[in-house]
Amino acid sequence: MEINSPMNEKVKNWAKLQQKKYRDQTGKFLVEGEHLIGEALKAGAVEQLLIEAGRTNPFEREKEAIVCGESVMRKLSANVSGAWLIAVCTQKTTAPAGLRTVVLDGVQDPGNVGTIIRTAVAFGFDQVLLSPDCADVYNEKCVRSTQGALFHIAISRTELIPALNELKEAGVTVIGTALQGAQPLSELPVSENIAVVLGNEGQGIRPATLDICDQRALIEMSSFESLNVAVAAGICLYRYRRRG
């Protein structure tokens with residue numbers, strides 16, 4: 001199959017996936033670039049593979065590609081310079097393989113959310129829970145920031161208080177990052193079954209969410225009061241990284 005017109009009905013429907021409401025309605029999203037698409041293929045998430053005319057499909061053995069004209073690829077790409085390889089992917093809901101959890105309470109920058117998901121995978125966490133007002137995981141900037149990690153960890157958008165209570169009932173220790181009433185991170189005991197809660201870039205964790213936490217952690221700093229939430233996540237998740 002070859003598609004050369006941006007007005008093709010399939011192209012119009014794929015282009016709608018640049019908007020969150022259509023991603024939510026269809027359970028699909030767009031991924032650009034060879035590395036990210038390779039990770040999506042490993043996870044079995046690629047529904048359609050689109051390649052610009054004149055290019056060679058690097059995944060020929062894994063997935064047949066639909067050849068598209070340059071104007072089609074430009075319409076579908078989120079990048080100003082366009083993309084030569086795009087995949088239509090399915091949002092996969094995967095059950096977590098364990099209890100180790102990263103919890104995001106109102107983190108609204110898609111780059112931060114994506115970086116935290118990538119960090120969670122790097123340090124052996126099993127799932128990421130996002131409050132309903134977090135940035136969309138399938139936003140192009142967020143997908144790019146994960147570097148493909150979103151295909152290798154369970155991700156759920158949910159009400160946090162009941163979710164945290166369930167984790168606590170399962171024996172998980174819930175740690176919330178805070179500036180007040182907190183113990184230094186380095187002094188808190190290391191636990192395998194852990195949930196690390198991180199809050200909004202400006203306001204931090206909501207008081208109601210923080211009240212559920214078993215302990216509050218303060219990242220020790222010498223001359224500044226706060227860190228970017230993704231940087232704070234990296235420090236905390238390294239502290240509670242999977243060992244062995």
# chains A, B, ... in the order shown; residues from 1 in each chain; ligands from 1
>>> residues_around(residues="A:Glu64", least_positions_apart="4", cutoff="10 Å", atoms="only C-alpha atoms", output="VMD selection string")
chain A and resid 1 48 to 51 57 59 to 60
>>> write_last_selection(atoms="all heavy atoms", output="PDB file, in the first residue's frame")
ATOM      1  N   MET A   1       0.843  -1.193   0.000  1.00  0.00           N
ATOM      2  CA  MET A   1       0.000   0.000   0.000  1.00  0.00           C
ATOM      3  C   MET A   1       0.883   1.249   0.000  1.00  0.00           C
ATOM      4  O   MET A   1       1.914   1.282   0.646  1.00  0.00           O
ATOM      5  CB  MET A   1      -0.910   0.012   1.232  1.00  0.00           C
ATOM      6  CG  MET A   1      -1.827   1.234   1.289  1.00  0.00           C
ATOM      7  SD  MET A   1      -2.789   1.338   2.834  1.00  0.00           S
ATOM      8  CE  MET A   1      -3.897  -0.039   2.595  1.00  0.00           C
ATOM      9  N   GLN A  48       0.393   0.082  13.091  1.00  0.00           N
ATOM     10  CA  GLN A  48       0.752   0.412  11.709  1.00  0.00           C
ATOM     11  C   GLN A  48       2.128   1.061  11.709  1.00  0.00           C
ATOM     12  O   GLN A  48       2.442   1.866  12.593  1.00  0.00           O
ATOM     13  CB  GLN A  48      -0.253   1.399  11.092  1.00  0.00           C
ATOM     14  CG  GLN A  48      -1.682   0.930  11.050  1.00  0.00           C
ATOM     15  CD  GLN A  48      -1.950  -0.009   9.875  1.00  0.00           C
ATOM     16  OE1 GLN A  48      -1.061  -0.272   9.078  1.00  0.00           O
ATOM     17  NE2 GLN A  48      -3.166  -0.513   9.767  1.00  0.00           N
ATOM     18  N   LEU A  49       2.927   0.717  10.705  1.00  0.00           N
ATOM     19  CA  LEU A  49       4.239   1.336  10.526  1.00  0.00           C
ATOM     20  C   LEU A  49       4.210   2.109   9.215  1.00  0.00           C
ATOM     21  O   LEU A  49       3.837   1.562   8.170  1.00  0.00           O
ATOM     22  CB  LEU A  49       5.329   0.267  10.498  1.00  0.00           C
ATOM     23  CG  LEU A  49       6.784   0.751  10.419  1.00  0.00           C
ATOM     24  CD1 LEU A  49       7.129   1.612  11.637  1.00  0.00           C
ATOM     25  CD2 LEU A  49       7.739  -0.429  10.327  1.00  0.00           C
ATOM     26  N   LEU A  50       4.581   3.392   9.278  1.00  0.00           N
ATOM     27  CA  LEU A  50       4.547   4.268   8.110  1.00  0.00           C
ATOM     28  C   LEU A  50       5.956   4.737   7.784  1.00  0.00           C
ATOM     29  O   LEU A  50       6.689   5.166   8.670  1.00  0.00           O
ATOM     30  CB  LEU A  50       3.658   5.490   8.397  1.00  0.00           C
ATOM     31  CG  LEU A  50       2.310   5.219   9.085  1.00  0.00           C
ATOM     32  CD1 LEU A  50       1.607   6.529   9.408  1.00  0.00           C
ATOM     33  CD2 LEU A  50       1.428   4.336   8.217  1.00  0.00           C
ATOM     34  N   ILE A  51       6.319   4.658   6.516  1.00  0.00           N
ATOM     35  CA  ILE A  51       7.671   5.044   6.113  1.00  0.00           C
ATOM     36  C   ILE A  51       7.608   5.952   4.889  1.00  0.00           C
ATOM     37  O   ILE A  51       6.770   5.779   4.001  1.00  0.00           O
ATOM     38  CB  ILE A  51       8.535   3.793   5.825  1.00  0.00           C
ATOM     39  CG1 ILE A  51      10.000   4.164   5.653  1.00  0.00           C
ATOM     40  CG2 ILE A  51       8.020   3.023   4.610  1.00  0.00           C
ATOM     41  CD1 ILE A  51      10.933   2.967   5.668  1.00  0.00           C
ATOM     42  N   ASN A  57      12.966   0.268   5.100  1.00  0.00           N
ATOM     43  CA  ASN A  57      12.357  -0.114   6.374  1.00  0.00           C
ATOM     44  C   ASN A  57      13.379  -0.865   7.241  1.00  0.00           C
ATOM     45  O   ASN A  57      13.759  -1.990   6.918  1.00  0.00           O
ATOM     46  CB  ASN A  57      11.121  -0.988   6.120  1.00  0.00           C
ATOM     47  CG  ASN A  57      10.439  -1.432   7.401  1.00  0.00           C
ATOM     48  OD1 ASN A  57      10.817  -1.023   8.493  1.00  0.00           O
ATOM     49  ND2 ASN A  57       9.417  -2.268   7.248  1.00  0.00           N
ATOM     50  N   PHE A  59      12.867  -2.239   9.981  1.00  0.00           N
ATOM     51  CA  PHE A  59      12.180  -3.299  10.720  1.00  0.00           C
ATOM     52  C   PHE A  59      11.418  -4.233   9.779  1.00  0.00           C
ATOM     53  O   PHE A  59      10.365  -4.769  10.110  1.00  0.00           O
ATOM     54  CB  PHE A  59      11.222  -2.689  11.747  1.00  0.00           C
ATOM     55  CG  PHE A  59      11.883  -1.743  12.695  1.00  0.00           C
ATOM     56  CD1 PHE A  59      11.622  -0.375  12.638  1.00  0.00           C
ATOM     57  CD2 PHE A  59      12.792  -2.196  13.640  1.00  0.00           C
ATOM     58  CE1 PHE A  59      12.235   0.503  13.510  1.00  0.00           C
ATOM     59  CE2 PHE A  59      13.424  -1.321  14.511  1.00  0.00           C
ATOM     60  CZ  PHE A  59      13.143   0.029  14.448  1.00  0.00           C
ATOM     61  N   GLU A  60      11.983  -4.413   8.597  1.00  0.00           N
ATOM     62  CA  GLU A  60      11.304  -5.200   7.562  1.00  0.00           C
ATOM     63  C   GLU A  60      10.937  -6.605   8.038  1.00  0.00           C
ATOM     64  O   GLU A  60       9.884  -7.135   7.687  1.00  0.00           O
ATOM     65  CB  GLU A  60      12.198  -5.284   6.323  1.00  0.00           C
ATOM     66  CG  GLU A  60      11.510  -5.883   5.102  1.00  0.00           C
ATOM     67  CD  GLU A  60      12.366  -5.759   3.855  1.00  0.00           C
ATOM     68  OE1 GLU A  60      13.481  -5.209   3.928  1.00  0.00           O
ATOM     69  OE2 GLU A  60      11.906  -6.224   2.802  1.00  0.00           O
TER      70      GLU A  60
END
>>> residues_around(residues="A:Leu99", least_positions_apart="5", cutoff="10 Å", atoms="only C-alpha atoms", output="PyMOL selection string")
chain A and resi 125-127+167+170-172+192-195
>>> atom_distance(atom1="atom CA of A:Ser222", atom2="atom CA of A:Arg100")
29.7 Å
>>> closest_residue(among="A:Leu198, A:Cys89, A:Val137, A:Leu160", to="A:Ala230", atoms="only C-alpha atoms")
A:Leu198
>>> closest_residue(among="A:Val107, A:Ala83, A:Ala233, A:Val197", to="A:Arg216", atoms="only C-alpha atoms")
A:Val197
>>> select_by_dssp(residues="stretch 124-212 of chain A", states="helix (DSSP H, G or I)", output="ChimeraX atom specification")
/A:140-146,149-152,160-169,185-187,207-212
>>> residues_around(residues="A:Ala40", least_positions_apart="4", cutoff="8 Å", atoms="only C-alpha atoms", output="PyMOL selection string")
chain A and resi 36+44-46+89+148+151
>>> decode(residues="stretch 174-211 of chain A", atoms="N, CA and C atoms", output="mmCIF file, in the first residue's frame")
data_model
loop_
_atom_site.group_PDB
_atom_site.id
_atom_site.type_symbol
_atom_site.label_atom_id
_atom_site.label_comp_id
_atom_site.auth_asym_id
_atom_site.auth_seq_id
_atom_site.Cartn_x
_atom_site.Cartn_y
_atom_site.Cartn_z
ATOM 1 N N VAL A 174 5.077 3.689 51.990
ATOM 2 C CA VAL A 174 4.854 4.843 51.118
ATOM 3 C C VAL A 174 5.686 6.028 51.618
ATOM 4 N N ILE A 175 6.571 6.510 50.753
ATOM 5 C CA ILE A 175 7.463 7.631 51.068
ATOM 6 C C ILE A 175 7.057 8.826 50.221
ATOM 7 N N GLY A 176 6.807 9.963 50.856
ATOM 8 C CA GLY A 176 6.485 11.181 50.128
ATOM 9 C C GLY A 176 7.588 12.207 50.262
ATOM 10 N N THR A 177 7.923 12.881 49.174
ATOM 11 C CA THR A 177 8.939 13.936 49.236
ATOM 12 C C THR A 177 8.299 15.213 49.782
ATOM 13 N N ALA A 178 8.973 15.874 50.704
ATOM 14 C CA ALA A 178 8.427 17.080 51.328
ATOM 15 C C ALA A 178 9.553 17.948 51.867
ATOM 16 N N LEU A 179 9.231 19.233 52.068
ATOM 17 C CA LEU A 179 10.217 20.157 52.630
ATOM 18 C C LEU A 179 10.004 20.346 54.124
ATOM 19 N N GLN A 180 8.775 20.104 54.594
ATOM 20 C CA GLN A 180 8.451 20.317 55.994
ATOM 21 C C GLN A 180 8.135 18.996 56.684
ATOM 22 N N GLY A 181 8.543 18.874 57.933
ATOM 23 C CA GLY A 181 8.215 17.701 58.726
ATOM 24 C C GLY A 181 8.770 16.416 58.154
ATOM 25 N N ALA A 182 9.918 16.512 57.501
ATOM 26 C CA ALA A 182 10.493 15.352 56.802
ATOM 27 C C ALA A 182 11.844 14.980 57.384
ATOM 28 N N GLN A 183 12.217 13.718 57.198
ATOM 29 C CA GLN A 183 13.531 13.235 57.595
ATOM 30 C C GLN A 183 14.465 13.255 56.387
ATOM 31 N N PRO A 184 15.760 13.431 56.615
ATOM 32 C CA PRO A 184 16.702 13.358 55.487
ATOM 33 C C PRO A 184 16.584 12.011 54.773
ATOM 34 N N LEU A 185 16.579 12.061 53.464
ATOM 35 C CA LEU A 185 16.435 10.854 52.655
ATOM 36 C C LEU A 185 17.471 9.800 53.030
ATOM 37 N N SER A 186 18.701 10.228 53.286
ATOM 38 C CA SER A 186 19.776 9.280 53.569
ATOM 39 C C SER A 186 19.596 8.557 54.902
ATOM 40 N N GLU A 187 18.723 9.086 55.754
ATOM 41 C CA GLU A 187 18.520 8.470 57.064
ATOM 42 C C GLU A 187 17.333 7.507 57.097
ATOM 43 N N LEU A 188 16.530 7.518 56.056
ATOM 44 C CA LEU A 188 15.368 6.630 56.013
ATOM 45 C C LEU A 188 15.813 5.213 55.666
ATOM 46 N N PRO A 189 15.198 4.207 56.273
ATOM 47 C CA PRO A 189 15.579 2.819 55.958
ATOM 48 C C PRO A 189 15.235 2.458 54.524
ATOM 49 N N VAL A 190 16.063 1.631 53.921
ATOM 50 C CA VAL A 190 15.823 1.174 52.551
ATOM 51 C C VAL A 190 14.919 -0.047 52.595
ATOM 52 N N SER A 191 13.852 -0.010 51.804
ATOM 53 C CA SER A 191 12.886 -1.109 51.762
ATOM 54 C C SER A 191 12.696 -1.558 50.320
ATOM 55 N N GLU A 192 12.467 -2.839 50.119
ATOM 56 C CA GLU A 192 12.257 -3.368 48.761
ATOM 57 C C GLU A 192 10.858 -3.018 48.259
ATOM 58 N N ASN A 193 9.842 -3.244 49.115
ATOM 59 C CA ASN A 193 8.460 -2.919 48.737
ATOM 60 C C ASN A 193 8.194 -1.456 49.086
ATOM 61 N N ILE A 194 8.345 -0.608 48.088
ATOM 62 C CA ILE A 194 8.349 0.835 48.331
ATOM 63 C C ILE A 194 7.488 1.549 47.289
ATOM 64 N N ALA A 195 6.832 2.609 47.726
ATOM 65 C CA ALA A 195 6.162 3.523 46.802
ATOM 66 C C ALA A 195 6.713 4.919 47.075
ATOM 67 N N VAL A 196 7.248 5.546 46.060
ATOM 68 C CA VAL A 196 7.821 6.887 46.183
ATOM 69 C C VAL A 196 6.866 7.879 45.527
ATOM 70 N N VAL A 197 6.399 8.847 46.301
ATOM 71 C CA VAL A 197 5.421 9.824 45.818
ATOM 72 C C VAL A 197 6.118 11.150 45.541
ATOM 73 N N LEU A 198 5.882 11.693 44.353
ATOM 74 C CA LEU A 198 6.458 12.979 43.942
ATOM 75 C C LEU A 198 5.317 13.897 43.523
ATOM 76 N N GLY A 199 5.479 15.200 43.822
ATOM 77 C CA GLY A 199 4.369 16.113 43.605
ATOM 78 C C GLY A 199 4.562 17.116 42.491
ATOM 79 N N ASN A 200 3.551 17.947 42.354
ATOM 80 C CA ASN A 200 3.494 19.004 41.351
ATOM 81 C C ASN A 200 4.723 19.912 41.399
ATOM 82 N N GLU A 201 5.128 20.389 40.215
ATOM 83 C CA GLU A 201 6.342 21.190 40.090
ATOM 84 C C GLU A 201 6.341 22.431 40.994
ATOM 85 N N GLY A 202 5.186 23.051 41.192
ATOM 86 C CA GLY A 202 5.142 24.262 41.996
ATOM 87 C C GLY A 202 4.625 24.069 43.406
ATOM 88 N N GLN A 203 3.644 23.165 43.558
ATOM 89 C CA GLN A 203 2.957 23.010 44.843
ATOM 90 C C GLN A 203 3.386 21.780 45.638
ATOM 91 N N GLY A 204 4.081 20.871 45.014
ATOM 92 C CA GLY A 204 4.462 19.645 45.701
ATOM 93 C C GLY A 204 3.294 18.671 45.809
ATOM 94 N N ILE A 205 3.390 17.742 46.739
ATOM 95 C CA ILE A 205 2.341 16.740 46.942
ATOM 96 C C ILE A 205 1.153 17.382 47.651
ATOM 97 N N ARG A 206 -0.052 17.046 47.239
ATOM 98 C CA ARG A 206 -1.250 17.551 47.911
ATOM 99 C C ARG A 206 -1.249 17.099 49.380
ATOM 100 N N PRO A 207 -1.722 17.958 50.274
ATOM 101 C CA PRO A 207 -1.767 17.583 51.688
ATOM 102 C C PRO A 207 -2.490 16.265 51.950
ATOM 103 N N ALA A 208 -3.605 16.018 51.266
ATOM 104 C CA ALA A 208 -4.364 14.784 51.493
ATOM 105 C C ALA A 208 -3.559 13.553 51.083
ATOM 106 N N THR A 209 -2.768 13.693 50.033
ATOM 107 C CA THR A 209 -1.918 12.576 49.600
ATOM 108 C C THR A 209 -0.753 12.398 50.568
ATOM 109 N N LEU A 210 -0.183 13.510 50.993
ATOM 110 C CA LEU A 210 0.962 13.454 51.905
ATOM 111 C C LEU A 210 0.575 12.831 53.242
ATOM 112 N N ASP A 211 -0.664 13.061 53.664
ATOM 113 C CA ASP A 211 -1.127 12.511 54.943
ATOM 114 C C ASP A 211 -1.135 10.979 54.945
#
